[in-house]
Every structure is written in structure tokens, then in C-alpha cells.
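**Q** Take a look at protein38.pdb, PDB, C-alpha atoms, pLDDT in the B column:
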ATOM      1  CA  MET A   1       0.000   0.000   0.000  1.00 63.00           C
ATOM      2  CA  GLY A   2       0.998   3.610  -0.330  1.00 83.00           C
ATOM      3  CA  ASP A   3       2.047   5.737   2.623  1.00 86.00           C
ATOM      4  CA  MET A   4      -1.290   7.598   2.837  1.00 88.00           C
ATOM      5  CA  ALA A   5      -3.262   4.353   2.817  1.00 88.00           C
ATOM      6  CA  ASP A   6      -1.036   3.036   5.613  1.00 87.00           C
ATOM      7  CA  PHE A   7      -1.682   6.191   7.676  1.00 86.00           C
ATOM      8  CA  VAL A   8      -5.449   5.881   7.227  1.00 88.00           C
ATOM      9  CA  LEU A   9      -5.393   2.174   8.071  1.00 89.00           C
ATOM     10  CA  ASN A  10      -3.405   2.867  11.259  1.00 89.00           C
ATOM     11  CA  ASP A  11      -5.916   5.562  12.275  1.00 88.00           C
ATOM     12  CA  VAL A  12      -8.825   3.165  11.749  1.00 88.00           C
ATOM     13  CA  LEU A  13      -7.107   0.419  13.743  1.00 91.00           C
ATOM     14  CA  ASP A  14      -6.346   2.887  16.568  1.00 90.00           C
ATOM     15  CA  ASP A  15      -9.987   3.988  16.649  1.00 86.00           C
ATOM     16  CA  GLU A  16     -11.234   0.403  16.776  1.00 88.00           C
ATOM     17  CA  GLU A  17      -8.791  -0.427  19.578  1.00 91.00           C
ATOM     18  CA  ALA A  18     -10.027   2.608  21.537  1.00 89.00           C
ATOM     19  CA  ARG A  19     -13.665   1.528  21.008  1.00 86.00           C
ATOM     20  CA  SER A  20     -12.774  -1.931  22.262  1.00 88.00           C
ATOM     21  CA  ARG A  21     -11.119  -0.470  25.366  1.00 89.00           C
ATOM     22  CA  TYR A  22     -14.225   1.668  26.032  1.00 85.00           C
ATOM     23  CA  HIS A  23     -16.605  -1.300  25.634  1.00 83.00           C
ATOM     24  CA  SER A  24     -14.517  -3.476  27.937  1.00 86.00           C
ATOM     25  CA  GLY A  25     -14.555  -0.781  30.641  1.00 85.00           C
ATOM     26  CA  ASN A  26     -10.864   0.105  30.341  1.00 89.00           C
ATOM     27  CA  MET A  27     -11.547   3.674  29.200  1.00 87.00           C
ATOM     28  CA  SER A  28     -13.469   6.348  31.067  1.00 85.00           C
ATOM     29  CA  GLU A  29     -16.484   8.023  29.505  1.00 81.00           C
ATOM     30  CA  THR A  30     -14.574  11.315  29.560  1.00 83.00           C
ATOM     31  CA  SER A  31     -11.749   9.815  27.520  1.00 85.00           C
ATOM     32  CA  ALA A  32     -14.276   8.233  25.164  1.00 83.00           C
ATOM     33  CA  PHE A  33     -15.885  11.656  24.697  1.00 81.00           C
ATOM     34  CA  ASP A  34     -12.475  13.223  24.000  1.00 83.00           C
ATOM     35  CA  ARG A  35     -11.783  10.529  21.354  1.00 83.00           C
ATOM     36  CA  GLY A  36     -15.204  11.087  19.749  1.00 82.00           C
ATOM     37  CA  ILE A  37     -16.542   7.643  20.647  1.00 83.00           C
ATOM     38  CA  VAL A  38     -19.526   8.981  22.626  1.00 81.00           C
ATOM     39  CA  ASP A  39     -21.319  12.310  22.716  1.00 76.00           C
ATOM     40  CA  GLU A  40     -21.905  14.518  25.771  1.00 70.00           C
ATOM     41  CA  LEU A  41     -24.805  12.302  26.914  1.00 71.00           C
ATOM     42  CA  GLY A  42     -22.826   9.084  26.538  1.00 73.00           C
ATOM     43  CA  PHE A  43     -24.460   7.970  23.288  1.00 74.00           C
ATOM     44  CA  GLU A  44     -22.250   6.183  20.820  1.00 77.00           C
ATOM     45  CA  GLY A  45     -22.069   6.450  17.049  1.00 66.00           C
ATOM     46  CA  GLU A  46     -21.298   8.905  14.286  1.00 57.00           C
ATOM     47  CA  ASN A  47     -24.946   9.883  13.897  1.00 53.00           C
ATOM     48  CA  ASN A  48     -25.634  10.215  17.610  1.00 51.00           C
ATOM     49  CA  LYS A  49     -27.163  13.674  17.054  1.00 49.00           C
ATOM     50  CA  ARG A  50     -29.871  12.074  14.903  1.00 49.00           C
ATOM     51  CA  ARG A  51     -30.864   9.286  17.267  1.00 55.00           C
ATOM     52  CA  ARG A  52     -34.465   8.216  17.368  1.00 62.00           C
ATOM     53  CA  LEU A  53     -36.665   9.224  20.241  1.00 68.00           C
ATOM     54  CA  THR A  54     -38.692   6.406  21.701  1.00 82.00           C
ATOM     55  CA  THR A  55     -41.789   5.894  23.829  1.00 83.00           C
ATOM     56  CA  CYS A  56     -42.095   4.056  27.147  1.00 86.00           C
ATOM     57  CA  LYS A  57     -44.111   0.883  26.568  1.00 85.00           C
ATOM     58  CA  TYR A  58     -45.634   1.068  30.058  1.00 85.00           C
ATOM     59  CA  CYS A  59     -46.829   4.671  30.441  1.00 87.00           C
ATOM     60  CA  GLY A  60     -46.685   5.888  26.822  1.00 85.00           C
ATOM     61  CA  GLN A  61     -44.461   8.879  27.538  1.00 85.00           C
ATOM     62  CA  GLY A  62     -42.627   9.934  24.390  1.00 82.00           C
ATOM     63  CA  GLY A  63     -39.417  11.825  23.717  1.00 81.00           C
ATOM     64  CA  LEU A  64     -37.191   9.384  25.612  1.00 85.00           C
ATOM     65  CA  LEU A  65     -33.682   8.262  24.653  1.00 83.00           C
ATOM     66  CA  TRP A  66     -31.839   4.989  25.307  1.00 83.00           C
ATOM     67  CA  LYS A  67     -28.523   4.994  27.188  1.00 82.00           C
ATOM     68  CA  ARG A  68     -26.272   2.196  28.427  1.00 80.00           C
ATOM     69  CA  THR A  69     -25.620   2.515  32.164  1.00 79.00           C
ATOM     70  CA  ASN A  70     -22.365   1.729  33.987  1.00 80.00           C
ATOM     71  CA  ASN A  71     -23.536  -1.812  34.754  1.00 83.00           C
ATOM     72  CA  GLY A  72     -24.091  -2.488  31.026  1.00 80.00           C
ATOM     73  CA  ARG A  73     -27.902  -2.313  31.102  1.00 83.00           C
ATOM     74  CA  TRP A  74     -29.914  -0.045  28.813  1.00 85.00           C
ATOM     75  CA  ARG A  75     -32.273   2.510  30.368  1.00 85.00           C
ATOM     76  CA  LEU A  76     -34.603   5.172  29.014  1.00 86.00           C
ATOM     77  CA  LEU A  77     -33.664   8.775  29.734  1.00 86.00           C
ATOM     78  CA  GLU A  78     -35.895  11.797  30.078  1.00 83.00           C
ATOM     79  CA  LEU A  79     -34.130  15.158  30.303  1.00 79.00           C
ATOM     80  CA  ASN A  80     -30.777  13.413  31.017  1.00 77.00           C
ATOM     81  CA  LYS A  81     -32.228  11.493  33.988  1.00 84.00           C
ATOM     82  CA  VAL A  82     -33.302   7.863  34.090  1.00 86.00           C
ATOM     83  CA  HIS A  83     -37.012   7.585  33.239  1.00 87.00           C
ATOM     84  CA  THR A  84     -38.946   6.254  36.223  1.00 85.00           C
ATOM     85  CA  CYS A  85     -42.302   4.929  35.143  1.00 84.00           C
ATOM     86  CA  ARG A  86     -45.108   4.870  37.702  1.00 78.00           C
ATOM     87  CA  LYS A  87     -46.963   2.152  35.769  1.00 75.00           C
ATOM     88  CA  TYR A  88     -43.981  -0.239  35.543  1.00 74.00           C
ATOM     89  CA  LYS A  89     -44.098  -3.276  37.817  1.00 67.00           C
ATOM     90  CA  LYS A  90     -41.026  -5.453  38.257  1.00 66.00           C
ATOM     91  CA  GLY A  91     -41.296  -8.614  36.193  1.00 61.00           C
ATOM     92  CA  ASN A  92     -43.963  -7.159  33.877  1.00 54.00           C
ATOM     93  CA  THR A  93     -42.553  -7.639  30.395  1.00 56.00           C
ATOM     94  CA  ASN A  94     -45.692  -7.528  28.261  1.00 55.00           C
ATOM     95  CA  GLY A  95     -46.444  -3.815  28.705  1.00 50.00           C
ATOM     96  CA  SER A  96     -49.810  -4.256  30.458  1.00 51.00           C
ATOM     97  CA  THR A  97     -50.342  -2.940  33.963  1.00 46.00           C
TER      98      THR A  97
END
As C-alpha cells - that is how I would like this structure written.

**A**
Amino acid sequence: MGDMADFVLNDVLDDEEARSRYHSGNMSETSAFDRGIVDELGFEGENNKRRRLTTCKYCGQGGLLWKRTNNGRWRLLELNKVHTCRKYKKGNTNGST
């Protein structure tokens, strides 16, 4: 390969290694933000500004976003805080109350 192609390939491999470190918990969210892996809310991806809003299946509240928490679980956010649904009952997975 040419020199420029080698430089680009090295950059891509460095980025993938950094993503792997972030996913395995060996990189802080601040460092991941500085590297461009996550945005200011902790969402990952190049198109994180165009992420889809979703609706809570229990209470029907819209305008929520998904975010992976520190323990690896996904939670809905409302205004940068975890959505707490009054209609949700632990163990209820079918959406009915």
C-alpha cells in the first residue's frame, strides 16, 4: 500500500482499539468523549445527534432516549435522567399494567 493508505489504516485500527477499550470498561467516559466515541450524553455512534426518540411501553411517555448505564444495562432517559415509570411493575414484560 501507499504511505497515505497506511496512515489511514493505522488511524482506523487505533480507533477500533479505543472503542474496544471503552466497551470493555478500560476507558473512562470522559476519555471516550475526548476521542469522539460517545457524545456529551454518553451515546455512541457517528450519527448520535440524529438518534431516534422512543416511547415508554408502560406509560406511553414519548421523547425518551436509550442509554447504556455503567452496569451495562440499557435505560430510558428523560431530560438526562433515568425515566422512572409509575406504571412499571417489576417482572412485567408484556407492557400491560

**Q** Of the residues A:Lys57, A:Ser24, A:Asp39, A:Lys87, which is the one nearest to A:Asn70, using all atoms listed in the file?

**A**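 Residue with the minimum atom-to-atom distance to A:Asn70: A:Ser24.
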
**Q** If you measure from atom CA of A:Asn71 to atom CA of A:Asp14, what distance in Å do you get, rounded to one decimal?

**A**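 Interatomic distance here is 25.5 Å.
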
**Q** If we count all atoms listed in the file, what is near A:Glu29 at a cut-off of 10 Å, once residues fewer than 5 positions away on the same chain are taken out, given as JSON, numbers by chain?

**A** {"A": [22, 34, 35, 37, 38, 39, 40, 41, 42, 70]}

**Q** Selection in question (the file shown): the PyMOL selection byres ((chain A and resi 69) around 12). Which residues does it include, as a ChimeraX atom specification?

**A** /A:23,25,29,41-43,66-68,70-77,81-82

**Q** With C-alpha atoms retained, write the just-selected residues as a PDB file, in the frame of the given file.

**A**
ATOM      1  CA  HIS A  23     -16.605  -1.300  25.634  1.00 83.00           C
ATOM      2  CA  GLY A  25     -14.555  -0.781  30.641  1.00 85.00           C
ATOM      3  CA  GLU A  29     -16.484   8.023  29.505  1.00 81.00           C
ATOM      4  CA  LEU A  41     -24.805  12.302  26.914  1.00 71.00           C
ATOM      5  CA  GLY A  42     -22.826   9.084  26.538  1.00 73.00           C
ATOM      6  CA  PHE A  43     -24.460   7.970  23.288  1.00 74.00           C
ATOM      7  CA  TRP A  66     -31.839   4.989  25.307  1.00 83.00           C
ATOM      8  CA  LYS A  67     -28.523   4.994  27.188  1.00 82.00           C
ATOM      9  CA  ARG A  68     -26.272   2.196  28.427  1.00 80.00           C
ATOM     10  CA  ASN A  70     -22.365   1.729  33.987  1.00 80.00           C
ATOM     11  CA  ASN A  71     -23.536  -1.812  34.754  1.00 83.00           C
ATOM     12  CA  GLY A  72     -24.091  -2.488  31.026  1.00 80.00           C
ATOM     13  CA  ARG A  73     -27.902  -2.313  31.102  1.00 83.00           C
ATOM     14  CA  TRP A  74     -29.914  -0.045  28.813  1.00 85.00           C
ATOM     15  CA  ARG A  75     -32.273   2.510  30.368  1.00 85.00           C
ATOM     16  CA  LEU A  76     -34.603   5.172  29.014  1.00 86.00           C
ATOM     17  CA  LEU A  77     -33.664   8.775  29.734  1.00 86.00           C
ATOM     18  CA  LYS A  81     -32.228  11.493  33.988  1.00 84.00           C
ATOM     19  CA  VAL A  82     -33.302   7.863  34.090  1.00 86.00           C
TER      20      VAL A  82
END

**Q** From the set A:Phe7, A:Ala32, A:Met27, A:Thr84, which residue has the shortest atom-to-atom contact distance to A:Glu44, counting all atoms listed in the file?

**A** A:Ala32

**Q** Separation of atom CA of A:Ala18 and atom CA of A:Met4, in Å?

**A**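 Taking atom CA of A:Ala18 as the start and atom CA of A:Met4 as the end point, the length is 21.2 Å.
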
**Q** Using all atoms listed in the file and a cutoff of 12 Å, can you tell me which residues are near (-49.5, 4.7, 30.0) in the file's coordinates, and write them out as a list in words?

**A**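 Every polymer residue passing the test: Thr55, Cys56, Lys57, Tyr58, Cys59, Gly60, Gln61, Gly62, Cys85, Arg86, Lys87, Tyr88, Gly95, Ser96 and Thr97 of chain A.
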
**Q** Quick one: distance from atom CA of A:Asp15 to atom CA of A:Ser28 in Å, one decimal?

**A**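 Going from atom CA of A:Asp15 over to atom CA of A:Ser28 covers 15.0 Å.
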